[in-house]
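As stored in model.cif (mmCIF, C-alpha atoms and all ligand atoms):
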```cif
data_start
loop_
_atom_site.group_PDB
_atom_site.id
_atom_site.type_symbol
_atom_site.label_atom_id
_atom_site.label_comp_id
_atom_site.auth_asym_id
_atom_site.auth_seq_id
_atom_site.Cartn_x
_atom_site.Cartn_y
_atom_site.Cartn_z
ATOM 1 C CA MET Z 50 0.000 0.000 0.000
ATOM 2 C CA LYS Z 51 1.376 3.338 -1.069
ATOM 3 C CA PRO Z 52 1.180 5.936 1.722
ATOM 4 C CA ILE Z 53 -0.547 9.104 0.474
ATOM 5 C CA ILE Z 54 -1.587 12.499 1.777
ATOM 6 C CA LEU Z 55 -4.538 14.116 0.026
ATOM 7 C CA ASP Z 56 -4.706 17.920 0.095
ATOM 8 C CA VAL Z 57 -8.255 19.117 -0.659
ATOM 9 C CA ASP Z 58 -10.700 22.030 -0.800
ATOM 10 C CA THR Z 59 -13.829 19.872 -0.554
ATOM 11 C CA GLY Z 60 -15.621 20.504 -3.174
ATOM 12 C CA ILE Z 61 -17.683 17.850 -4.953
ATOM 13 C CA ASP Z 62 -14.917 16.234 -6.986
ATOM 14 C CA ASP Z 63 -12.721 16.411 -3.868
ATOM 15 C CA ALA Z 64 -15.396 14.407 -2.028
ATOM 16 C CA LEU Z 65 -15.298 11.801 -4.808
ATOM 17 C CA ALA Z 66 -11.500 11.736 -4.627
ATOM 18 C CA ILE Z 67 -11.593 11.196 -0.849
ATOM 19 C CA SER Z 68 -14.035 8.312 -1.178
ATOM 20 C CA TYR Z 69 -11.957 6.764 -3.970
ATOM 21 C CA ALA Z 70 -8.733 7.086 -1.930
ATOM 22 C CA VAL Z 71 -10.266 5.638 1.242
ATOM 23 C CA ASN Z 72 -11.707 2.638 -0.613
ATOM 24 C CA ALA Z 73 -8.795 1.866 -2.955
ATOM 25 C CA PRO Z 74 -6.682 -0.947 -1.494
ATOM 26 C CA GLU Z 75 -3.605 0.215 -3.418
ATOM 27 C CA VAL Z 76 -3.140 3.283 -1.190
ATOM 28 C CA GLU Z 77 -3.015 4.042 2.517
ATOM 29 C CA LEU Z 78 -4.439 7.468 3.277
ATOM 30 C CA LEU Z 79 -2.269 8.940 6.055
ATOM 31 C CA GLY Z 80 -4.334 12.098 6.365
ATOM 32 C CA VAL Z 81 -6.453 14.613 4.501
ATOM 33 C CA THR Z 82 -5.134 18.161 4.685
ATOM 34 C CA THR Z 83 -7.472 21.030 3.838
ATOM 35 C CA CYS Z 84 -7.048 24.375 2.137
ATOM 36 C CA PHE Z 85 -9.175 27.287 0.900
ATOM 37 C CA GLY Z 86 -10.356 27.187 -2.721
ATOM 38 C CA ASN Z 87 -13.793 25.967 -3.741
ATOM 39 C CA VAL Z 88 -14.869 27.088 -0.254
ATOM 40 C CA THR Z 89 -13.157 28.499 2.828
ATOM 41 C CA VAL Z 90 -10.731 26.248 4.669
ATOM 42 C CA GLN Z 91 -13.231 25.910 7.532
ATOM 43 C CA GLU Z 92 -15.921 24.748 5.117
ATOM 44 C CA ALA Z 93 -13.492 22.422 3.347
ATOM 45 C CA THR Z 94 -12.596 20.878 6.726
ATOM 46 C CA ARG Z 95 -16.268 20.516 7.692
ATOM 47 C CA ASN Z 96 -17.133 18.884 4.340
ATOM 48 C CA THR Z 97 -14.143 16.553 4.528
ATOM 49 C CA LEU Z 98 -15.097 15.381 8.027
ATOM 50 C CA LEU Z 99 -18.643 14.735 6.830
ATOM 51 C CA VAL Z 100 -17.533 12.644 3.857
ATOM 52 C CA LEU Z 101 -15.125 10.639 6.036
ATOM 53 C CA GLU Z 102 -17.892 10.028 8.562
ATOM 54 C CA HIS Z 103 -20.066 8.590 5.770
ATOM 55 C CA LEU Z 104 -17.099 6.391 4.866
ATOM 56 C CA ASP Z 105 -16.766 5.329 8.492
ATOM 57 C CA SER Z 106 -13.118 6.325 8.225
ATOM 58 C CA SER Z 107 -11.012 7.644 11.081
ATOM 59 C CA VAL Z 108 -8.352 9.120 8.791
ATOM 60 C CA PRO Z 109 -7.223 12.425 10.370
ATOM 61 C CA VAL Z 110 -8.314 15.737 8.838
ATOM 62 C CA ILE Z 111 -5.731 18.482 9.265
ATOM 63 C CA PRO Z 112 -6.725 22.092 8.529
ATOM 64 C CA GLY Z 113 -4.296 24.234 6.574
ATOM 65 C CA ALA Z 114 -4.025 27.578 4.821
ATOM 66 C CA ALA Z 115 -6.943 29.999 4.869
ATOM 67 C CA LYS Z 116 -5.484 32.312 2.243
ATOM 68 C CA PRO Z 117 -2.857 32.461 -0.477
ATOM 69 C CA LEU Z 118 0.843 33.010 0.305
ATOM 70 C CA PHE Z 119 0.998 36.674 -0.625
ATOM 71 C CA VAL Z 120 -2.063 38.283 -2.178
ATOM 72 C CA SER Z 121 -5.720 37.429 -2.191
ATOM 73 C CA ARG Z 122 -6.833 38.126 -5.733
ATOM 74 C CA VAL Z 123 -9.798 35.828 -5.901
ATOM 75 C CA LYS Z 124 -12.785 35.194 -3.648
ATOM 76 C CA ALA Z 125 -12.744 31.708 -2.136
ATOM 77 C CA SER Z 126 -15.935 30.588 -3.790
ATOM 78 C CA ALA Z 127 -17.133 28.390 -6.606
ATOM 79 C CA THR Z 128 -20.811 28.242 -5.641
ATOM 80 C CA HIS Z 129 -21.988 27.952 -9.244
ATOM 81 C CA ILE Z 130 -20.095 24.653 -9.629
ATOM 82 C CA HIS Z 131 -20.039 23.239 -6.091
ATOM 83 C CA GLY Z 132 -23.105 24.853 -4.421
ATOM 84 C CA GLU Z 133 -23.359 27.259 -1.471
ATOM 85 C CA ASP Z 134 -21.924 24.663 0.913
ATOM 86 C CA GLY Z 135 -19.313 23.249 -1.499
ATOM 87 C CA ILE Z 136 -21.061 19.876 -1.639
ATOM 88 C CA GLY Z 137 -23.971 20.615 -3.969
ATOM 89 C CA ASN Z 138 -26.274 22.050 -1.251
ATOM 90 C CA THR Z 139 -26.551 18.634 0.397
ATOM 91 C CA LEU Z 140 -25.396 19.767 3.833
ATOM 92 C CA THR Z 141 -28.067 18.920 6.393
ATOM 93 C CA ASN Z 142 -25.986 17.946 9.401
ATOM 94 C CA MET Z 143 -22.466 18.356 10.707
ATOM 95 C CA SER Z 144 -20.073 15.536 11.376
ATOM 96 C CA THR Z 145 -19.620 14.667 15.025
ATOM 97 C CA ARG Z 146 -15.911 14.139 14.360
ATOM 98 C CA GLU Z 147 -13.269 16.745 15.012
ATOM 99 C CA ALA Z 148 -10.403 18.005 12.947
ATOM 100 C CA SER Z 149 -6.832 17.541 14.121
ATOM 101 C CA LYS Z 150 -5.228 20.351 16.119
ATOM 102 C CA GLN Z 151 -2.126 20.115 13.922
ATOM 103 C CA TYR Z 152 -1.467 22.499 11.002
ATOM 104 C CA ALA Z 153 -1.452 20.947 7.519
ATOM 105 C CA PRO Z 154 2.060 22.062 6.425
ATOM 106 C CA GLN Z 155 3.540 20.615 9.646
ATOM 107 C CA PHE Z 156 1.618 17.363 9.163
ATOM 108 C CA ILE Z 157 3.050 17.080 5.641
ATOM 109 C CA ILE Z 158 6.586 17.676 6.927
ATOM 110 C CA ASP Z 159 6.243 15.161 9.781
ATOM 111 C CA GLN Z 160 4.792 12.411 7.592
ATOM 112 C CA VAL Z 161 7.353 12.832 4.812
ATOM 113 C CA ARG Z 162 10.266 12.857 7.280
ATOM 114 C CA SER Z 163 8.987 9.816 9.142
ATOM 115 C CA LYS Z 164 8.622 7.765 5.920
ATOM 116 C CA PRO Z 165 11.498 8.891 3.709
ATOM 117 C CA HIS Z 166 11.077 8.257 -0.049
ATOM 118 C CA GLN Z 167 7.671 6.661 0.461
ATOM 119 C CA VAL Z 168 4.971 9.301 0.670
ATOM 120 C CA THR Z 169 2.982 10.522 -2.329
ATOM 121 C CA ILE Z 170 1.359 13.919 -1.803
ATOM 122 C CA ILE Z 171 -1.712 14.520 -3.948
ATOM 123 C CA THR Z 172 -2.770 18.154 -4.141
ATOM 124 C CA VAL Z 173 -6.243 18.846 -5.535
ATOM 125 C CA ALA Z 174 -6.627 22.396 -4.198
ATOM 126 C CA ALA Z 175 -4.573 25.603 -4.099
ATOM 127 C CA MET Z 176 -0.961 24.567 -3.514
ATOM 128 C CA THR Z 177 -0.433 26.768 -0.459
ATOM 129 C CA ASN Z 178 -0.027 23.989 2.135
ATOM 130 C CA LEU Z 179 2.705 22.229 0.179
ATOM 131 C CA ALA Z 180 4.477 25.513 -0.596
ATOM 132 C CA LEU Z 181 4.478 26.410 3.124
ATOM 133 C CA ALA Z 182 5.777 22.940 4.004
ATOM 134 C CA ILE Z 183 8.673 23.236 1.538
ATOM 135 C CA MET Z 184 9.527 26.765 2.739
ATOM 136 C CA GLN Z 185 9.726 25.529 6.304
ATOM 137 C CA ALA Z 186 11.444 22.216 5.551
ATOM 138 C CA PRO Z 187 13.252 22.244 2.192
ATOM 139 C CA ASP Z 188 14.613 18.743 2.928
ATOM 140 C CA ILE Z 189 11.205 17.241 2.116
ATOM 141 C CA VAL Z 190 11.873 17.978 -1.575
ATOM 142 C CA GLY Z 191 14.307 15.057 -1.604
ATOM 143 C CA LEU Z 192 12.311 12.912 0.810
ATOM 144 C CA VAL Z 193 8.916 12.557 -0.879
ATOM 145 C CA ASP Z 194 8.237 9.745 -3.292
ATOM 146 C CA LYS Z 195 6.373 12.146 -5.565
ATOM 147 C CA VAL Z 196 3.767 14.863 -5.767
ATOM 148 C CA VAL Z 197 0.707 14.463 -7.971
ATOM 149 C CA VAL Z 198 -0.844 17.850 -8.691
ATOM 150 C CA MET Z 199 -4.358 18.339 -9.997
ATOM 151 C CA GLY Z 200 -3.899 21.700 -11.584
ATOM 152 C CA GLY Z 201 -3.131 23.671 -14.674
ATOM 153 C CA ALA Z 202 -3.869 23.439 -18.353
ATOM 154 C CA VAL Z 203 -0.710 23.181 -20.428
ATOM 155 C CA THR Z 204 -2.196 22.404 -23.828
ATOM 156 C CA ARG Z 205 -5.772 23.586 -23.513
ATOM 157 C CA ALA Z 206 -8.006 26.379 -22.210
ATOM 158 C CA GLY Z 207 -8.341 27.199 -18.528
ATOM 159 C CA ASN Z 208 -11.573 26.982 -16.575
ATOM 160 C CA VAL Z 209 -11.615 30.090 -14.353
ATOM 161 C CA THR Z 210 -10.080 32.392 -16.937
ATOM 162 C CA PRO Z 211 -9.354 31.732 -20.613
ATOM 163 C CA HIS Z 212 -5.900 30.492 -19.571
ATOM 164 C CA ALA Z 213 -5.943 29.577 -15.888
ATOM 165 C CA GLU Z 214 -7.172 26.508 -14.052
ATOM 166 C CA ALA Z 215 -8.853 27.038 -10.653
ATOM 167 C CA ASN Z 216 -6.325 25.385 -8.306
ATOM 168 C CA ILE Z 217 -3.354 27.229 -9.796
ATOM 169 C CA TYR Z 218 -5.256 30.527 -10.067
ATOM 170 C CA ALA Z 219 -6.252 30.338 -6.392
ATOM 171 C CA ASP Z 220 -2.587 30.751 -5.380
ATOM 172 C CA PRO Z 221 -0.308 31.157 -8.400
ATOM 173 C CA GLU Z 222 2.744 32.049 -6.297
ATOM 174 C CA ALA Z 223 2.407 28.880 -4.235
ATOM 175 C CA ALA Z 224 2.108 26.737 -7.356
ATOM 176 C CA ASP Z 225 5.105 28.370 -9.008
ATOM 177 C CA TYR Z 226 7.165 28.050 -5.844
ATOM 178 C CA VAL Z 227 6.469 24.309 -5.709
ATOM 179 C CA PHE Z 228 7.135 23.930 -9.448
ATOM 180 C CA ALA Z 229 10.539 25.599 -9.065
ATOM 181 C CA SER Z 230 11.470 23.708 -5.886
ATOM 182 C CA GLY Z 231 12.824 20.579 -7.558
ATOM 183 C CA ILE Z 232 10.225 18.311 -5.961
ATOM 184 C CA PRO Z 233 9.219 15.475 -8.330
ATOM 185 C CA ILE Z 234 5.834 16.352 -9.841
ATOM 186 C CA THR Z 235 3.270 14.696 -12.067
ATOM 187 C CA LEU Z 236 0.878 17.342 -13.357
ATOM 188 C CA VAL Z 237 -2.702 16.161 -13.868
ATOM 189 C CA GLY Z 238 -4.231 19.175 -15.559
ATOM 190 C CA LEU Z 239 -7.358 19.946 -17.525
ATOM 191 C CA ASP Z 240 -5.420 18.451 -20.457
ATOM 192 C CA VAL Z 241 -6.544 15.057 -19.172
ATOM 193 C CA THR Z 242 -9.186 15.662 -16.505
ATOM 194 C CA MET Z 243 -11.601 17.141 -19.055
ATOM 195 C CA GLU Z 244 -11.369 13.793 -20.875
ATOM 196 C CA THR Z 245 -12.668 11.876 -17.850
ATOM 197 C CA LEU Z 246 -16.339 12.707 -17.729
ATOM 198 C CA LEU Z 247 -18.816 11.050 -15.412
ATOM 199 C CA PRO Z 248 -22.339 10.791 -16.881
ATOM 200 C CA LYS Z 249 -25.602 10.713 -14.899
ATOM 201 C CA LYS Z 250 -26.209 7.039 -15.628
ATOM 202 C CA ASP Z 251 -23.270 6.066 -13.414
ATOM 203 C CA VAL Z 252 -24.553 8.287 -10.614
ATOM 204 C CA GLN Z 253 -27.894 6.475 -10.833
ATOM 205 C CA VAL Z 254 -26.048 3.239 -9.973
ATOM 206 C CA TRP Z 255 -24.836 4.858 -6.729
ATOM 207 C CA ARG Z 256 -28.337 6.117 -5.990
ATOM 208 C CA ASP Z 257 -29.737 2.621 -6.447
ATOM 209 C CA LYS Z 258 -27.344 1.289 -3.794
ATOM 210 C CA GLN Z 259 -29.243 3.394 -1.232
ATOM 211 C CA THR Z 260 -26.472 3.616 1.369
ATOM 212 C CA ALA Z 261 -25.874 6.874 3.247
ATOM 213 C CA LEU Z 262 -22.588 7.342 1.384
ATOM 214 C CA SER Z 263 -23.892 6.473 -2.076
ATOM 215 C CA THR Z 264 -26.916 8.760 -1.639
ATOM 216 C CA LEU Z 265 -24.770 11.676 -0.436
ATOM 217 C CA LEU Z 266 -22.320 11.288 -3.329
ATOM 218 C CA ALA Z 267 -25.147 10.837 -5.852
ATOM 219 C CA ASP Z 268 -26.947 13.980 -4.655
ATOM 220 C CA MET Z 269 -23.855 16.170 -4.805
ATOM 221 C CA THR Z 270 -22.643 14.719 -8.110
ATOM 222 C CA ASP Z 271 -26.000 15.296 -9.825
ATOM 223 C CA PHE Z 272 -25.668 18.962 -8.801
ATOM 224 C CA TYR Z 273 -22.123 18.997 -10.217
ATOM 225 C CA ILE Z 274 -23.170 17.419 -13.512
ATOM 226 C CA ASP Z 275 -26.004 19.959 -13.904
ATOM 227 C CA ALA Z 276 -23.509 22.775 -13.267
ATOM 228 C CA TYR Z 277 -21.196 21.332 -15.931
ATOM 229 C CA GLU Z 278 -24.080 21.147 -18.363
ATOM 230 C CA ASP Z 279 -24.762 24.879 -17.752
ATOM 231 C CA PHE Z 280 -21.110 25.763 -18.157
ATOM 232 C CA TYR Z 281 -20.335 23.460 -21.090
ATOM 233 C CA PRO Z 282 -23.676 22.819 -22.872
ATOM 234 C CA GLY Z 283 -23.894 19.300 -24.301
ATOM 235 C CA ILE Z 284 -20.860 17.967 -22.383
ATOM 236 C CA GLY Z 285 -22.815 15.017 -20.928
ATOM 237 C CA GLY Z 286 -21.004 14.677 -17.599
ATOM 238 C CA CYS Z 287 -18.736 16.286 -15.022
ATOM 239 C CA GLY Z 288 -14.943 16.372 -15.089
ATOM 240 C CA LEU Z 289 -13.384 13.944 -12.617
ATOM 241 C CA HIS Z 290 -10.481 16.286 -11.890
ATOM 242 C CA ASP Z 291 -9.551 15.329 -8.343
ATOM 243 C CA PRO Z 292 -10.368 11.604 -8.656
ATOM 244 C CA LEU Z 293 -8.056 11.363 -11.665
ATOM 245 C CA ALA Z 294 -5.162 12.715 -9.572
ATOM 246 C CA VAL Z 295 -5.797 9.895 -7.084
ATOM 247 C CA GLY Z 296 -6.069 7.473 -10.017
ATOM 248 C CA VAL Z 297 -2.682 8.555 -11.363
ATOM 249 C CA ALA Z 298 -1.120 8.047 -7.912
ATOM 250 C CA ILE Z 299 -2.604 4.545 -7.832
ATOM 251 C CA ASN Z 300 -1.731 3.615 -11.390
ATOM 252 C CA PRO Z 301 0.498 5.915 -13.472
ATOM 253 C CA ASP Z 302 -0.392 3.770 -16.507
ATOM 254 C CA PHE Z 303 -3.788 5.459 -16.704
ATOM 255 C CA VAL Z 304 -1.976 8.384 -18.356
ATOM 256 C CA THR Z 305 0.750 9.177 -20.860
ATOM 257 C CA THR Z 306 3.147 11.855 -19.680
ATOM 258 C CA LYS Z 307 5.809 14.064 -21.177
ATOM 259 C CA PRO Z 308 8.698 15.649 -19.228
ATOM 260 C CA LEU Z 309 8.367 19.433 -19.605
ATOM 261 C CA HIS Z 310 9.546 22.636 -18.002
ATOM 262 C CA VAL Z 311 6.442 24.364 -16.642
ATOM 263 C CA ARG Z 312 6.157 27.615 -14.707
ATOM 264 C CA VAL Z 313 3.195 29.736 -13.666
ATOM 265 C CA ASP Z 314 2.490 33.157 -15.147
ATOM 266 C CA LEU Z 315 2.579 35.486 -12.126
ATOM 267 C CA ASP Z 316 2.106 38.871 -13.716
ATOM 268 C CA GLY Z 317 0.155 38.433 -16.931
ATOM 269 C CA PHE Z 318 -2.811 40.779 -17.017
ATOM 270 C CA HIS Z 319 -4.877 38.349 -19.080
ATOM 271 C CA SER Z 320 -3.005 35.197 -18.239
ATOM 272 C CA LEU Z 321 -2.355 35.271 -14.491
ATOM 273 C CA GLY Z 322 -2.114 31.701 -13.210
ATOM 274 C CA ARG Z 323 -1.520 30.148 -16.596
ATOM 275 C CA THR Z 324 0.710 27.062 -16.559
ATOM 276 C CA VAL Z 325 3.225 27.826 -19.264
ATOM 277 C CA GLY Z 326 4.924 24.705 -20.584
ATOM 278 C CA ASP Z 327 7.996 24.998 -22.774
ATOM 279 C CA LEU Z 328 6.743 22.952 -25.716
ATOM 280 C CA ARG Z 329 9.585 23.934 -28.051
ATOM 281 C CA SER Z 330 11.711 21.196 -29.548
ATOM 282 C CA LYS Z 331 14.747 22.708 -27.807
ATOM 283 C CA PRO Z 332 13.482 24.002 -24.461
ATOM 284 C CA ALA Z 333 15.626 26.532 -22.605
ATOM 285 C CA ASN Z 334 15.401 24.665 -19.275
ATOM 286 C CA GLU Z 335 15.452 21.092 -18.034
ATOM 287 C CA PRO Z 336 12.020 19.526 -17.418
ATOM 288 C CA ASN Z 337 10.716 20.069 -13.869
ATOM 289 C CA MET Z 338 7.715 17.744 -14.078
ATOM 290 C CA ASP Z 339 5.916 15.024 -15.986
ATOM 291 C CA VAL Z 340 2.841 16.496 -17.619
ATOM 292 C CA CYS Z 341 -0.097 14.201 -18.360
ATOM 293 C CA LEU Z 342 -1.095 14.669 -21.981
ATOM 294 C CA GLU Z 343 -3.283 11.631 -22.639
ATOM 295 C CA VAL Z 344 -5.511 9.457 -20.483
ATOM 296 C CA ASP Z 345 -7.042 6.035 -20.905
ATOM 297 C CA ALA Z 346 -10.384 7.355 -19.675
ATOM 298 C CA GLU Z 347 -12.168 4.035 -20.002
ATOM 299 C CA ARG Z 348 -9.697 2.134 -17.801
ATOM 300 C CA PHE Z 349 -9.554 4.916 -15.230
ATOM 301 C CA LEU Z 350 -13.345 5.211 -15.049
ATOM 302 C CA GLU Z 351 -13.733 1.482 -14.639
ATOM 303 C CA HIS Z 352 -11.308 1.470 -11.701
ATOM 304 C CA PHE Z 353 -12.815 4.600 -10.135
ATOM 305 C CA LEU Z 354 -16.376 3.279 -10.394
ATOM 306 C CA SER Z 355 -15.391 -0.060 -8.899
ATOM 307 C CA LYS Z 356 -14.008 1.634 -5.767
ATOM 308 C CA VAL Z 357 -15.690 4.968 -5.115
ATOM 309 C CA VAL Z 358 -18.869 3.736 -3.378
HETATM 310 C C1 LIG R 1 -10.221 21.943 -9.727
HETATM 311 O O1 LIG R 1 -10.801 23.122 -9.177
HETATM 312 C C2 LIG R 1 -11.752 22.787 -8.195
HETATM 313 O O2 LIG R 1 -12.955 23.440 -8.439
HETATM 314 C C3 LIG R 1 -11.966 21.313 -8.288
HETATM 315 O O3 LIG R 1 -12.252 20.748 -7.020
HETATM 316 C C4 LIG R 1 -10.695 20.800 -8.865
HETATM 317 O O4 LIG R 1 -9.742 20.561 -7.852
HETATM 318 C C5 LIG R 1 -10.598 21.847 -11.175
HETATM 319 O O5 LIG R 1 -10.116 22.947 -11.885
HETATM 320 CA CA CA R 2 -10.435 20.425 -5.508
#
```
What is this structure when it is put down as C-alpha cells?
Ligand code: BDR
Ligand code: CA
Amino acid sequence: MKPIILDVDTGIDDALAISYAVNAPEVELLGVTTCFGNVTVQEATRNTLLVLEHLDSSVPVIPGAAKPLFVSRVKASATHIHGEDGIGNTLTNMSTREASKQYAPQFIIDQVRSKPHQVTIITVAAMTNLALAIMQAPDIVGLVDKVVVMGGAVTRAGNVTPHAEANIYADPEAADYVFASGIPITLVGLDVTMETLLPKKDVQVWRDKQTALSTLLADMTDFYIDAYEDFYPGIGGCGLHDPLAVGVAINPDFVTTKPLHVRVDLDGFHSLGRTVGDLRSKPANEPNMDVCLEVDAERFLEHFLSKVV
C-alpha cells in the first residue's frame, strides 16, 4: 500500500477523490489536509469530516491555509459549480468528528520525514499547504516519493479564466514556488481531466445502492453534472479532476506523460495563473515535471467506479 496524503478544498470532486482514496486498497491514506479554494478552509474541513464520517473512516483531517501566500486576488468561492456549501447544497448535518489540532504544512513535513522516499502527496486544491511545508522544511523535496498535482492546463483552455485553471489561479505564487522547488511532480491538468467525464447514468447506480454514502455522493454529483451542463452545454457529464489525480497516484499507466519545463504566469494581465509549458523542440530549461497529456479514460473510469462507493 502506497502511503498518500490528500490535500483538498472539498468541493464535490474532492469528495469523490476522498471516497476513492479511502476505498482503494492500493493506497493508505495517512491524512487529509485542507485548504481554501472551492470554499473556505473551515468549510473544506467541515465537508471533509462529513464525507469521512459517511465512509466510516477515522483518517485524520488536518486544517491548513486559509489564504494564499501573498495576495488574495480571488474570492474563495465556486458556488456555481459546487453549491453554497461546497457539496452541492446537500449539507443537512455536521459531522460529530473533530479536525486535528495540527497544522497541515507541519503534518506534511512530519509524515514525509517519518517515511522517507515513500509518501505521495496529492494536491487537488490551491498549492499553499505544500508551498508552506517546503519553505519551512526544504529537505522534504528530496524525501517525498512524488507529488501528484491536480492543476493547470498546459495544452488547452483554462476553466476560471481563458488560460488559468482554478487550483493554480487560487494561489499562483504557491504553485510556481512548488514547481521551481525541484520536488518530483506529475501534473494532472485539464489536459486530461476534461477527458474523464462522469455521466448521470453512473450516478444512478450509486443512488440505487441506497447507502448513506452512495446517496450523499449521488446527490452532490447530480448537482455537479447539472452545473457542468450549464457551463459546457452538451458535455454530458462532469470532469473527474480530483479523482483522476488519485487514479494517477494509484496507477500511473492510466496516463501518458511528457517531461516538460512548466512555470506559472505570475504577472500576466490576461493570463495570471496560466501554466506555461515549454513545448519547443529545444526548451531553454530542463524539465521540472511530468505532464499528463493523454488518459485512458475508459480504464480509469472502470477502476474509479469499482471503488468509489
Ligand atoms: C479543480 O478546481 C476545483 O474546483 C476542483 O475541485 C478541482 O480541484 C478543477 O479545476
Ligand atoms: Ca479540488
- Tell me which of Z:Gly113, Z:Gly207, Z:Pro248, Z:Pro52 sits closest to Thr169 of chain Z, counting only C-alpha atoms.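 Residue with the minimum atom-to-atom distance to Thr169 of chain Z: Z:Pro52.
Every protein, DNA or RNA residue with an atom at most 10 Å from Thr172 of chain Z, where all atoms listed in the file count and chain neighbours fewer than 2 positions away do not, is listed here: Ile54, Leu55, Asp56, Val57, Asp58, Thr82, Thr83, Cys84, Thr169, Ile170, Ala174, Ala175, Met176, Thr177, Asn178, Leu179, Val196, Val197, Val198, Met199, Gly200, Asn216, Leu236, Val237, Asp291, Ala294 and Val295 of chain Z.
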- Nearby polymer residues, ligand LIG 1 (chain R), at most 10 Å, all atoms listed in the file, as a PyMOL selection string: chain Z and resi 56-66+86-88+126-128+130-131+135+172-175+198-202+207-209+213-219+238-239+242-243+288-292+294
Residue subset to file, keeping C-alpha atoms, as a PDB file, keeping the file's coordinate frame:
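New file selection-v1.pdb:
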```pdb
ATOM      1  CA  ASP Z  56      -4.706  17.920   0.095  1.00  0.00           C
ATOM      2  CA  VAL Z  57      -8.255  19.117  -0.659  1.00  0.00           C
ATOM      3  CA  ASP Z  58     -10.700  22.030  -0.800  1.00  0.00           C
ATOM      4  CA  THR Z  59     -13.829  19.872  -0.554  1.00  0.00           C
ATOM      5  CA  GLY Z  60     -15.621  20.504  -3.174  1.00  0.00           C
ATOM      6  CA  ILE Z  61     -17.683  17.850  -4.953  1.00  0.00           C
ATOM      7  CA  ASP Z  62     -14.917  16.234  -6.986  1.00  0.00           C
ATOM      8  CA  ASP Z  63     -12.721  16.411  -3.868  1.00  0.00           C
ATOM      9  CA  ALA Z  64     -15.396  14.407  -2.028  1.00  0.00           C
ATOM     10  CA  LEU Z  65     -15.298  11.801  -4.808  1.00  0.00           C
ATOM     11  CA  ALA Z  66     -11.500  11.736  -4.627  1.00  0.00           C
ATOM     12  CA  GLY Z  86     -10.356  27.187  -2.721  1.00  0.00           C
ATOM     13  CA  ASN Z  87     -13.793  25.967  -3.741  1.00  0.00           C
ATOM     14  CA  VAL Z  88     -14.869  27.088  -0.254  1.00  0.00           C
ATOM     15  CA  SER Z 126     -15.935  30.588  -3.790  1.00  0.00           C
ATOM     16  CA  ALA Z 127     -17.133  28.390  -6.606  1.00  0.00           C
ATOM     17  CA  THR Z 128     -20.811  28.242  -5.641  1.00  0.00           C
ATOM     18  CA  ILE Z 130     -20.095  24.653  -9.629  1.00  0.00           C
ATOM     19  CA  HIS Z 131     -20.039  23.239  -6.091  1.00  0.00           C
ATOM     20  CA  GLY Z 135     -19.313  23.249  -1.499  1.00  0.00           C
ATOM     21  CA  THR Z 172      -2.770  18.154  -4.141  1.00  0.00           C
ATOM     22  CA  VAL Z 173      -6.243  18.846  -5.535  1.00  0.00           C
ATOM     23  CA  ALA Z 174      -6.627  22.396  -4.198  1.00  0.00           C
ATOM     24  CA  ALA Z 175      -4.573  25.603  -4.099  1.00  0.00           C
ATOM     25  CA  VAL Z 198      -0.844  17.850  -8.691  1.00  0.00           C
ATOM     26  CA  MET Z 199      -4.358  18.339  -9.997  1.00  0.00           C
ATOM     27  CA  GLY Z 200      -3.899  21.700 -11.584  1.00  0.00           C
ATOM     28  CA  GLY Z 201      -3.131  23.671 -14.674  1.00  0.00           C
ATOM     29  CA  ALA Z 202      -3.869  23.439 -18.353  1.00  0.00           C
ATOM     30  CA  GLY Z 207      -8.341  27.199 -18.528  1.00  0.00           C
ATOM     31  CA  ASN Z 208     -11.573  26.982 -16.575  1.00  0.00           C
ATOM     32  CA  VAL Z 209     -11.615  30.090 -14.353  1.00  0.00           C
ATOM     33  CA  ALA Z 213      -5.943  29.577 -15.888  1.00  0.00           C
ATOM     34  CA  GLU Z 214      -7.172  26.508 -14.052  1.00  0.00           C
ATOM     35  CA  ALA Z 215      -8.853  27.038 -10.653  1.00  0.00           C
ATOM     36  CA  ASN Z 216      -6.325  25.385  -8.306  1.00  0.00           C
ATOM     37  CA  ILE Z 217      -3.354  27.229  -9.796  1.00  0.00           C
ATOM     38  CA  TYR Z 218      -5.256  30.527 -10.067  1.00  0.00           C
ATOM     39  CA  ALA Z 219      -6.252  30.338  -6.392  1.00  0.00           C
ATOM     40  CA  GLY Z 238      -4.231  19.175 -15.559  1.00  0.00           C
ATOM     41  CA  LEU Z 239      -7.358  19.946 -17.525  1.00  0.00           C
ATOM     42  CA  THR Z 242      -9.186  15.662 -16.505  1.00  0.00           C
ATOM     43  CA  MET Z 243     -11.601  17.141 -19.055  1.00  0.00           C
ATOM     44  CA  GLY Z 288     -14.943  16.372 -15.089  1.00  0.00           C
ATOM     45  CA  LEU Z 289     -13.384  13.944 -12.617  1.00  0.00           C
ATOM     46  CA  HIS Z 290     -10.481  16.286 -11.890  1.00  0.00           C
ATOM     47  CA  ASP Z 291      -9.551  15.329  -8.343  1.00  0.00           C
ATOM     48  CA  PRO Z 292     -10.368  11.604  -8.656  1.00  0.00           C
ATOM     49  CA  ALA Z 294      -5.162  12.715  -9.572  1.00  0.00           C
TER      50      ALA Z 294
END
```
- Message: Selection in question (the file shown): the PyMOL selection byres (((chain Z and resi 180-194) around 6) and not hetatm). Which residues does it include, as a count of residues only?
- Response: 14
- Message: Can you pull out the residues contacting Ser144 of chain Z? Cut-off 7 Å, using only C-alpha atoms, and skip same-chain residues under 2 positions away; I want them as a list in words.
- Response: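 Using only C-alpha atoms, the neighbours found are Leu98, Leu99, Glu102, Asn142 and Arg146 of chain Z.
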- Message: From the options Z:Val120, Z:Ile158, Z:Leu293, Z:Val357, which residue's atoms come nearest to ligand CA 2 (chain R), counting only C-alpha atoms and all ligand atoms?
- Response: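 Closest to ligand CA 2 (chain R) of all the choices is Z:Leu293.
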- Message: To one decimal place in Å, what is the distance between atom CA of Trp255 of chain Z and atom CA of Asp268 of chain Z?
- Response: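 Going from atom CA of Trp255 of chain Z over to atom CA of Asp268 of chain Z, I get 9.6 Å.
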- Task: Run the PyMOL selection byres (((chain Z and resi 69-76) around 9) and not hetatm) on the file and write out the hits as a list of chain:residue names.
- Result: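 Taken on the displayed file, the PyMOL selection byres (((chain Z and resi 69-76) around 9) and not hetatm) yields the residues Z:Met50, Z:Lys51, Z:Pro52, Z:Ile53, Z:Leu55, Z:Ala64, Z:Leu65, Z:Ala66, Z:Ile67, Z:Ser68, Z:Glu77, Z:Leu78, Z:Leu101, Z:Leu104, Z:Ser106, Z:Val108, Z:Pro292, Z:Val295, Z:Gly296, Z:Ala298, Z:Ile299, Z:Asn300, Z:Phe353, Z:Leu354, Z:Lys356, Z:Val357, Z:Val358.
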